[in-house]
Amino acid sequence: MRLIVALMLALFVTPLGAQTALPPAPYADRQIADPALERKAKALMETIRCLTCQSQSIADSGASMAGDMRSQIRERIMAGEQPEAIRDWLIARYGDWVSYEPTAAPILWPLWAAPVLLLGLGLLLLRGRIKRRKRA
Amino acid sequence: MRRLLIWLPLALFLGFIGLFASGLFKPDDRVIHSRLVGQPLPAFSLPAAASDRPALTSAQLATGKPRLLNIFASWCVPCAAEAPQLEALRQAGAQIDAIAIRDARPDVDAFLKRNGNPYARIGLDARSAVQMALGSSGVPETFVIDGRGRIAHQHIGDIRADDVPMILQKLKDAQ
Amino acid sequence: MDPRLRGDDGWFCRGIASMIAETGLAALWLAASLALLQLVLAFAGLKGGKPDLLAAVRPAAVAQGVLTAIAFASLITLFLRSDMSVLLVVTNSHSMKPWLYKFAGTWGNHEGSMLLWVTVMGVAGAAVALFERALQRNAHMATLGGQAAISLGFYAFLLFSSNPFARIDPAPADGQGLNPLLQDPGLAFHPPTLYLGYVGLSVAFSFAIGALLTRQVDAAFARAMRPWVLGAWVLLTLGITAGSYWAYYELGWGGWWFWDPVENASLMPWLAATALLHSVTVLATRDALRAWTVMLAVVAFSMSMVGTFLVRSGILTSVHAFAVDPTRGSFILGLLALYIGGALALFGWRIGSVREGAPFELVSRETMLVVNNLLLTVILGLVLIGTLYPLMTEAFGHKVSVGAPYFDRIAGPIALALMVAMAAGPLTRWRKDQARAVGKRLLIPLCIALLVSISLSLFAWGRIGILPFLGLVIAVAVGVSSLAPLWKRKLLRTPLFTYGMVVAHLGCAVSLAGMACDSAFTVEKLVAARPGDMIQTAGWSLRFRQIIPIAGDNWTALQADMDASRGGSSVLIRPQSRFFASPPTTTSEAALLTRWDGQLYVVLGEEVEGGRWQLRIWWKPFVTLIWLGGIMIALGGALALVGRERRGWLMKWRAREARR
């Protein structure tokens, strides 16, 4: 019950024994030979939230399930699947939560509208501070 | 207009306070439920995970009678803790199949020897692929599958003694 | 029992030792009562117009500062002496710990850090009482009253729910120790730096309350508040920079900013303080943006409190898992509602009577600063909304995640626009300027931007994203233009605060260049290698020599010895994978090799089959510029602070000489 300003990071602190002894899946930590495909896969992995640790992407996570997910993503990308299709597949199973990139679901519309609304409100306020050009 | 702008910050602030208060007092829920509840089980076919139990395919879960599908692993501590409850469910007439996640046959055998074996069939999911396809986010989890092979319910975490009647009820509801 | 306390005069020493905690607690209670007295005196004195009551406000503030300092010194003493009859020492320290961590352990916990908070607040209040001369007496007293009101809440928090001096009886033989992961010099000083910044913003908040209460929102108010805002901003900048570097080397993921809720919580006060810093300059120079500046001062402090709340209440999932407690969360929420709600109500009630001043010319320094404020506030709003959005949707039973892809894509372009405004702002004159003249002054940076974009397109087209591309172009152009205010000036006669601005703006460009280089040119290599293997990546050759076991104080580790070279002689680097026994955890200690043009970052992972070891290797070109820029920004702020203050003293001194 120590209340510490303590950064005990869920993942750089991996509890021992909660993981399998099984070796990681083949592409968990192996890059795709084609750098373009690897870039695609990496970009996707960085936006998929780890189910075990919950506050990091599967690209950064040491959890075994995250490794399996990375491997599956790399294998599906190599098989020609598009990153967005894989993301949709995961969202269909785990909900919008699994994607760090907010989707276009209606509940997220206000989030995407926020920048426009805030900039608009700001410009409205700004207009009051600026002298109108005098008509010649 | 100006009056509105002047009081807007306070109004927004009170909204945030309400939000914080609701966040503070609501029960902490960090569980991610599968979105496939109410939908057909994805198709899969897994090799046998244990020496004395057959392999598991999705088709075998749609036999006209509701079944339980337990997701477990020999390396998972809560899975051992829920073993007596699974045994109780089996004795109450539930048919239980299982998927062992990231596991190896000798380990599964040892686990079942130690904790009992309530399962009819056990499939081996070495790379969590079927686990992901099911939308399961960890071990242990237990799915209630209705007779037509649809997911009727997902129980996340180990089954406690007082969860058993609820799970039996869910099985009955899935009839 | 401390062995030094045994012996003939043991009873006497024990008596003294046992009094330290009581002294601290008594000082805290006294300070709290003085704060109450200070509030009542200021209120009654201002309301009734009684100068004799007001005369006692300043002494009360000074005494309060001294008392809080005594309380904090007592706690430090308890920690240094490892007094195990005090609960907080037992739970957070150990007699065998190095003295630095005993010392830092004082504030490495909830109670101690809250005591540090009120101490800094008390000392800052004393400083406002002693040294503030720019304000009219009424506004000064109202400010001190406001400061007392804020302190009271925190005193209550400490005394009623988080008493740092609580005893434990019987006293255990020794303490439970500090988590080994917290025994890091960076972590010992990163939180207090942020705290000092937060408290500085609380002083700015008190000034705003004082100004609203006395209806004196004017240039004098801005000048009185400015040093506090600048000081707070410098500390926040340092705190965030240090925190970012700490996460970068400690986490071992090669990232330096994760848009994690806790990180956002520290960023939001900084964004508000940055906006405030610029608007306060407009208010001090042109006596305009009055309501806006007051609002920003309120927002800046409220963001500090929101940050503290988010971090301590645990209502958001974070990588940086703080020990959290909903009870304390609700206390902070109550304080937040009381102070910020009260301040915003006061704002609504009083601000109608504050004149806004004449509108600005379209092309003028004022307008540029307003644009700066607008963009900073929009970014602040977006970070706030993005951070809290998952909480909002959860109220509707829908779980979502808002992470780096959102913030990068949405806040990134706005931040780049802000950088462009930053290039033009200092080159635009106050009051009125000609667009054509500003354009002329920006000609050289524009040409350079063009050159950089052409060469980047030739060199890296298709390899780098649009944001890093724009980031690099803008960083170089802004870097050049930020030096422009010094062109054609006599460098020795240029005021220090102008240098401050130049250094801080250049720091922003440097930092941006580092961020853009990191995301555009980082090379990642994942490899499973066995000892003896040679690994080639990004111009580096790494020879994997051996894996050896190492034993540390409270950990054992596997260490990979590797020779890294780029042509010339090789350097030994040693990434480790550490195991702590209690609690059983593994951490990875990345090996960082810093060169002028970047960092080599090597992480040792787990053993995979066949005696091979998983390695993550990054070459990160110019990544160190990110933190170098952060330090430059803070240095610029410090120069501006010293420059402004020195100028103030000089003017006062000259006025006094002239009167003689």
# chains A, B, ... in the order shown; residues from 1 in each chain; ligands from 1

$ interface_residues --of "chain A" --to "chain B" --cutoff "9 Å" --atoms "only C-alpha atoms" --output "number ranges by chain"
A: 17-22, 24-25, 51-52, 54, 64-65, 67-69, 71-72, 89-95, 97-98

$ write_last_selection --atoms "N, CA and C atoms" --output "PDB file, in the first residue's frame"
ATOM      1  N   GLY A  17       7.190 -16.274 -14.649  1.00  0.00           N
ATOM      2  CA  GLY A  17       6.326 -17.415 -14.405  1.00  0.00           C
ATOM      3  C   GLY A  17       4.931 -17.261 -14.975  1.00  0.00           C
ATOM      4  N   ALA A  18       4.584 -16.051 -15.416  1.00  0.00           N
ATOM      5  CA  ALA A  18       3.258 -15.876 -15.985  1.00  0.00           C
ATOM      6  C   ALA A  18       3.281 -16.137 -17.481  1.00  0.00           C
ATOM      7  N   GLN A  19       4.454 -16.501 -17.990  1.00  0.00           N
ATOM      8  CA  GLN A  19       4.581 -16.676 -19.414  1.00  0.00           C
ATOM      9  C   GLN A  19       4.895 -18.133 -19.726  1.00  0.00           C
ATOM     10  N   THR A  20       4.782 -18.459 -21.006  1.00  0.00           N
ATOM     11  CA  THR A  20       5.051 -19.835 -21.365  1.00  0.00           C
ATOM     12  C   THR A  20       6.518 -20.084 -21.554  1.00  0.00           C
ATOM     13  N   ALA A  21       6.885 -21.365 -21.490  1.00  0.00           N
ATOM     14  CA  ALA A  21       8.254 -21.744 -21.785  1.00  0.00           C
ATOM     15  C   ALA A  21       8.415 -21.970 -23.274  1.00  0.00           C
ATOM     16  N   LEU A  22       7.295 -22.029 -23.975  1.00  0.00           N
ATOM     17  CA  LEU A  22       7.319 -22.284 -25.412  1.00  0.00           C
ATOM     18  C   LEU A  22       8.092 -21.170 -26.128  1.00  0.00           C
ATOM     19  N   PRO A  24       9.017 -18.290 -28.845  1.00  0.00           N
ATOM     20  CA  PRO A  24       8.096 -17.366 -29.502  1.00  0.00           C
ATOM     21  C   PRO A  24       7.718 -17.859 -30.895  1.00  0.00           C
ATOM     22  N   ALA A  25       6.573 -17.404 -31.365  1.00  0.00           N
ATOM     23  CA  ALA A  25       6.121 -17.764 -32.702  1.00  0.00           C
ATOM     24  C   ALA A  25       7.150 -17.264 -33.725  1.00  0.00           C
ATOM     25  N   LEU A  51      -3.236  -6.893 -25.283  1.00  0.00           N
ATOM     26  CA  LEU A  51      -4.346  -7.290 -24.414  1.00  0.00           C
ATOM     27  C   LEU A  51      -3.873  -7.665 -23.024  1.00  0.00           C
ATOM     28  N   THR A  52      -2.631  -8.098 -22.932  1.00  0.00           N
ATOM     29  CA  THR A  52      -2.120  -8.539 -21.634  1.00  0.00           C
ATOM     30  C   THR A  52      -1.701  -7.346 -20.778  1.00  0.00           C
ATOM     31  N   GLN A  54      -2.091  -3.975 -21.656  1.00  0.00           N
ATOM     32  CA  GLN A  54      -3.140  -2.956 -21.778  1.00  0.00           C
ATOM     33  C   GLN A  54      -2.656  -1.528 -21.963  1.00  0.00           C
ATOM     34  N   SER A  64       3.647 -12.841 -24.105  1.00  0.00           N
ATOM     35  CA  SER A  64       3.723 -13.878 -25.130  1.00  0.00           C
ATOM     36  C   SER A  64       2.589 -13.736 -26.143  1.00  0.00           C
ATOM     37  N   MET A  65       1.407 -13.290 -25.676  1.00  0.00           N
ATOM     38  CA  MET A  65       0.287 -13.147 -26.615  1.00  0.00           C
ATOM     39  C   MET A  65       0.586 -12.047 -27.631  1.00  0.00           C
ATOM     40  N   GLY A  67       3.525 -11.362 -28.726  1.00  0.00           N
ATOM     41  CA  GLY A  67       4.447 -11.972 -29.684  1.00  0.00           C
ATOM     42  C   GLY A  67       3.689 -12.779 -30.722  1.00  0.00           C
ATOM     43  N   ASP A  68       2.690 -13.537 -30.266  1.00  0.00           N
ATOM     44  CA  ASP A  68       1.883 -14.320 -31.207  1.00  0.00           C
ATOM     45  C   ASP A  68       1.139 -13.403 -32.169  1.00  0.00           C
ATOM     46  N   MET A  69       0.664 -12.261 -31.655  1.00  0.00           N
ATOM     47  CA  MET A  69      -0.049 -11.327 -32.523  1.00  0.00           C
ATOM     48  C   MET A  69       0.892 -10.730 -33.565  1.00  0.00           C
ATOM     49  N   SER A  71       3.549 -12.072 -34.741  1.00  0.00           N
ATOM     50  CA  SER A  71       3.868 -13.102 -35.721  1.00  0.00           C
ATOM     51  C   SER A  71       2.718 -13.251 -36.718  1.00  0.00           C
ATOM     52  N   GLN A  72       1.498 -13.287 -36.175  1.00  0.00           N
ATOM     53  CA  GLN A  72       0.355 -13.449 -37.074  1.00  0.00           C
ATOM     54  C   GLN A  72       0.245 -12.275 -38.048  1.00  0.00           C
ATOM     55  N   TRP A  89     -10.216  -6.993 -38.762  1.00  0.00           N
ATOM     56  CA  TRP A  89     -10.404  -8.357 -38.241  1.00  0.00           C
ATOM     57  C   TRP A  89     -10.255  -8.363 -36.717  1.00  0.00           C
ATOM     58  N   LEU A  90      -9.233  -7.642 -36.222  1.00  0.00           N
ATOM     59  CA  LEU A  90      -9.005  -7.593 -34.780  1.00  0.00           C
ATOM     60  C   LEU A  90     -10.119  -6.812 -34.078  1.00  0.00           C
ATOM     61  N   ILE A  91     -10.557  -5.711 -34.712  1.00  0.00           N
ATOM     62  CA  ILE A  91     -11.615  -4.901 -34.096  1.00  0.00           C
ATOM     63  C   ILE A  91     -12.912  -5.710 -34.018  1.00  0.00           C
ATOM     64  N   ALA A  92     -13.139  -6.551 -35.036  1.00  0.00           N
ATOM     65  CA  ALA A  92     -14.348  -7.379 -35.020  1.00  0.00           C
ATOM     66  C   ALA A  92     -14.334  -8.328 -33.829  1.00  0.00           C
ATOM     67  N   ARG A  93     -13.145  -8.617 -33.306  1.00  0.00           N
ATOM     68  CA  ARG A  93     -13.054  -9.543 -32.178  1.00  0.00           C
ATOM     69  C   ARG A  93     -12.910  -8.849 -30.827  1.00  0.00           C
ATOM     70  N   TYR A  94     -12.109  -7.781 -30.798  1.00  0.00           N
ATOM     71  CA  TYR A  94     -11.818  -7.146 -29.517  1.00  0.00           C
ATOM     72  C   TYR A  94     -12.437  -5.757 -29.368  1.00  0.00           C
ATOM     73  N   GLY A  95     -13.128  -5.315 -30.379  1.00  0.00           N
ATOM     74  CA  GLY A  95     -13.746  -3.995 -30.290  1.00  0.00           C
ATOM     75  C   GLY A  95     -12.772  -2.879 -30.634  1.00  0.00           C
ATOM     76  N   TRP A  97     -11.405  -0.894 -28.864  1.00  0.00           N
ATOM     77  CA  TRP A  97     -10.367  -0.767 -27.848  1.00  0.00           C
ATOM     78  C   TRP A  97      -9.008  -1.222 -28.341  1.00  0.00           C
ATOM     79  N   VAL A  98      -8.995  -2.231 -29.206  1.00  0.00           N
ATOM     80  CA  VAL A  98      -7.726  -2.861 -29.565  1.00  0.00           C
ATOM     81  C   VAL A  98      -6.883  -1.980 -30.481  1.00  0.00           C
TER      82      VAL A  98
END

$ select_by_dssp --residues "chain B" --states "strand (DSSP E)" --output "JSON list (two decimals) with C-alpha atoms, in the first residue's frame"
[["chain", "number", "residue", "atom", "x", "y", "z"],
["B", 45, "SER", "CA", -9.35, -27.38, -36.39],
["B", 46, "LEU", "CA", -6.77, -28.05, -33.69],
["B", 56, "LEU", "CA", -10.95, -30.46, -31.37],
["B", 57, "THR", "CA", -12.62, -28.81, -34.35],
["B", 67, "ARG", "CA", -21.27, -27.01, -24.40],
["B", 68, "LEU", "CA", -18.57, -25.19, -22.51],
["B", 69, "LEU", "CA", -15.33, -24.26, -24.22],
["B", 70, "ASN", "CA", -12.60, -23.64, -21.66],
["B", 71, "ILE", "CA", -9.48, -21.70, -22.69],
["B", 72, "PHE", "CA", -6.61, -22.69, -20.42],
["B", 96, "ILE", "CA", -16.66, -29.31, -21.47],
["B", 97, "ASP", "CA", -14.14, -29.02, -24.29],
["B", 98, "ALA", "CA", -10.94, -27.06, -24.04],
["B", 99, "ILE", "CA", -8.22, -25.26, -25.94],
["B", 100, "ALA", "CA", -4.74, -25.25, -24.45],
["B", 101, "ILE", "CA", -2.86, -22.07, -25.31],
["B", 122, "ILE", "CA", -8.67, -30.70, -25.94],
["B", 123, "GLY", "CA", -7.23, -28.81, -28.89],
["B", 124, "LEU", "CA", -3.71, -27.40, -28.90],
["B", 125, "ASP", "CA", -3.37, -23.75, -29.97],
["B", 141, "GLU", "CA", -11.68, -17.99, -20.12],
["B", 142, "THR", "CA", -14.80, -20.05, -20.63],
["B", 143, "PHE", "CA", -17.22, -19.73, -23.54],
["B", 144, "VAL", "CA", -20.76, -21.08, -23.52],
["B", 145, "ILE", "CA", -21.51, -22.44, -27.01],
["B", 151, "ILE", "CA", -21.11, -18.16, -28.75],
["B", 152, "ALA", "CA", -23.76, -17.51, -26.11],
["B", 153, "HIS", "CA", -21.61, -16.22, -23.28],
["B", 154, "GLN", "CA", -18.02, -15.44, -22.36],
["B", 155, "HIS", "CA", -16.74, -15.78, -18.81],
["B", 156, "ILE", "CA", -13.41, -13.99, -18.30]]

$ residues_around --residues "Leu44 of chain A" --least-positions-apart "5" --cutoff "10 Å" --atoms "only C-alpha atoms" --output "number ranges by chain"
A: 38-39, 57-59, 70, 73-74, 77, 82-84, 86-87, 99-101

$ closest_residue --among "A:Arg30, A:Arg127, A:Lys40, A:Arg49" --to "Ala63 of chain A" --atoms "only C-alpha atoms"
A:Arg49

$ atom_distance --atom1 "atom CA of Gly598 of chain C" --atom2 "atom CA of Leu615 of chain C"
19.2 Å

$ decode --residues "segment 4-108 of chain A" --atoms "C-alpha atoms" --output "JSON list (two decimals), in the first residue's frame"
[["chain", "number", "residue", "atom", "x", "y", "z"],
["A", 4, "ILE", "CA", 4.65, 5.94, -4.79],
["A", 5, "VAL", "CA", 5.29, 8.15, -7.65],
["A", 6, "ALA", "CA", 6.66, 5.00, -8.96],
["A", 7, "LEU", "CA", 7.06, 3.98, -12.45],
["A", 8, "MET", "CA", 6.82, 0.26, -12.20],
["A", 9, "LEU", "CA", 6.28, -0.39, -15.75],
["A", 10, "ALA", "CA", 4.01, -3.24, -16.44],
["A", 11, "LEU", "CA", 6.23, -4.39, -19.17],
["A", 12, "PHE", "CA", 9.72, -3.64, -18.42],
["A", 13, "VAL", "CA", 8.70, -5.45, -15.32],
["A", 14, "THR", "CA", 7.46, -8.72, -16.69],
["A", 15, "PRO", "CA", 6.31, -10.97, -13.88],
["A", 16, "LEU", "CA", 8.22, -14.20, -14.03],
["A", 17, "GLY", "CA", 6.33, -17.42, -14.41],
["A", 18, "ALA", "CA", 3.26, -15.88, -15.98],
["A", 19, "GLN", "CA", 4.58, -16.68, -19.41],
["A", 20, "THR", "CA", 5.05, -19.84, -21.37],
["A", 21, "ALA", "CA", 8.25, -21.74, -21.78],
["A", 22, "LEU", "CA", 7.32, -22.28, -25.41],
["A", 23, "PRO", "CA", 9.59, -20.47, -27.88],
["A", 24, "PRO", "CA", 8.10, -17.37, -29.50],
["A", 25, "ALA", "CA", 6.12, -17.76, -32.70],
["A", 26, "PRO", "CA", 8.31, -17.66, -35.83],
["A", 27, "TYR", "CA", 7.72, -14.02, -36.77],
["A", 28, "ALA", "CA", 7.24, -12.58, -33.28],
["A", 29, "ASP", "CA", 10.71, -11.06, -33.32],
["A", 30, "ARG", "CA", 11.85, -11.68, -36.84],
["A", 31, "GLN", "CA", 11.56, -9.00, -39.46],
["A", 32, "ILE", "CA", 10.08, -9.62, -42.90],
["A", 33, "ALA", "CA", 12.85, -9.77, -45.49],
["A", 34, "ASP", "CA", 11.15, -7.17, -47.70],
["A", 35, "PRO", "CA", 11.67, -3.80, -45.92],
["A", 36, "ALA", "CA", 8.53, -2.30, -47.47],
["A", 37, "LEU", "CA", 6.34, -5.08, -46.07],
["A", 38, "GLU", "CA", 8.14, -4.91, -42.72],
["A", 39, "ARG", "CA", 7.42, -1.14, -42.56],
["A", 40, "LYS", "CA", 3.75, -1.86, -43.19],
["A", 41, "ALA", "CA", 3.63, -4.56, -40.52],
["A", 42, "LYS", "CA", 5.55, -2.45, -38.00],
["A", 43, "ALA", "CA", 3.27, 0.53, -38.55],
["A", 44, "LEU", "CA", 0.24, -1.67, -37.87],
["A", 45, "MET", "CA", 1.79, -3.33, -34.80],
["A", 46, "GLU", "CA", 2.53, 0.06, -33.28],
["A", 47, "THR", "CA", -1.19, 0.84, -33.32],
["A", 48, "ILE", "CA", -2.50, -2.42, -31.88],
["A", 49, "ARG", "CA", -2.99, -2.43, -28.14],
["A", 50, "CYS", "CA", -1.58, -5.30, -26.12],
["A", 51, "LEU", "CA", -4.35, -7.29, -24.41],
["A", 52, "THR", "CA", -2.12, -8.54, -21.63],
["A", 53, "CYS", "CA", -0.40, -5.32, -20.58],
["A", 54, "GLN", "CA", -3.14, -2.96, -21.78],
["A", 55, "SER", "CA", -1.04, 0.19, -21.85],
["A", 56, "GLN", "CA", 1.37, -0.45, -24.65],
["A", 57, "SER", "CA", 1.33, -1.48, -28.25],
["A", 58, "ILE", "CA", 2.09, -5.06, -29.21],
["A", 59, "ALA", "CA", 5.23, -3.73, -30.94],
["A", 60, "ASP", "CA", 6.68, -2.81, -27.53],
["A", 61, "SER", "CA", 5.21, -5.56, -25.41],
["A", 62, "GLY", "CA", 7.07, -8.55, -24.06],
["A", 63, "ALA", "CA", 3.91, -10.54, -23.36],
["A", 64, "SER", "CA", 3.72, -13.88, -25.13],
["A", 65, "MET", "CA", 0.29, -13.15, -26.61],
["A", 66, "ALA", "CA", 1.66, -9.92, -28.09],
["A", 67, "GLY", "CA", 4.45, -11.97, -29.68],
["A", 68, "ASP", "CA", 1.88, -14.32, -31.21],
["A", 69, "MET", "CA", -0.05, -11.33, -32.52],
["A", 70, "ARG", "CA", 3.08, -9.81, -34.07],
["A", 71, "SER", "CA", 3.87, -13.10, -35.72],
["A", 72, "GLN", "CA", 0.35, -13.45, -37.07],
["A", 73, "ILE", "CA", 0.39, -9.88, -38.39],
["A", 74, "ARG", "CA", 3.73, -10.37, -40.16],
["A", 75, "GLU", "CA", 2.59, -13.66, -41.66],
["A", 76, "ARG", "CA", -0.67, -12.18, -42.91],
["A", 77, "ILE", "CA", 1.10, -9.15, -44.39],
["A", 78, "MET", "CA", 3.50, -11.51, -46.19],
["A", 79, "ALA", "CA", 0.48, -13.42, -47.49],
["A", 80, "GLY", "CA", -0.64, -10.17, -49.11],
["A", 81, "GLU", "CA", -3.28, -9.03, -46.69],
["A", 82, "GLN", "CA", -3.71, -5.28, -46.22],
["A", 83, "PRO", "CA", -2.97, -3.78, -42.78],
["A", 84, "GLU", "CA", -6.42, -2.19, -42.56],
["A", 85, "ALA", "CA", -8.09, -5.55, -43.21],
["A", 86, "ILE", "CA", -6.11, -7.07, -40.34],
["A", 87, "ARG", "CA", -7.04, -4.16, -38.10],
["A", 88, "ASP", "CA", -10.71, -4.64, -38.96],
["A", 89, "TRP", "CA", -10.40, -8.36, -38.24],
["A", 90, "LEU", "CA", -9.01, -7.59, -34.78],
["A", 91, "ILE", "CA", -11.62, -4.90, -34.10],
["A", 92, "ALA", "CA", -14.35, -7.38, -35.02],
["A", 93, "ARG", "CA", -13.05, -9.54, -32.18],
["A", 94, "TYR", "CA", -11.82, -7.15, -29.52],
["A", 95, "GLY", "CA", -13.75, -4.00, -30.29],
["A", 96, "ASP", "CA", -12.46, -0.47, -31.01],
["A", 97, "TRP", "CA", -10.37, -0.77, -27.85],
["A", 98, "VAL", "CA", -7.73, -2.86, -29.56],
["A", 99, "SER", "CA", -6.77, -0.12, -32.01],
["A", 100, "TYR", "CA", -4.77, 2.84, -30.69],
["A", 101, "GLU", "CA", -5.85, 4.57, -33.85],
["A", 102, "PRO", "CA", -9.44, 5.63, -33.22],
["A", 103, "THR", "CA", -11.81, 4.20, -35.81],
["A", 104, "ALA", "CA", -14.58, 5.98, -37.66],
["A", 105, "ALA", "CA", -17.29, 4.57, -35.37],
["A", 106, "PRO", "CA", -20.04, 7.12, -34.63],
["A", 107, "ILE", "CA", -19.05, 7.33, -30.98],
["A", 108, "LEU", "CA", -15.66, 8.62, -32.13]]
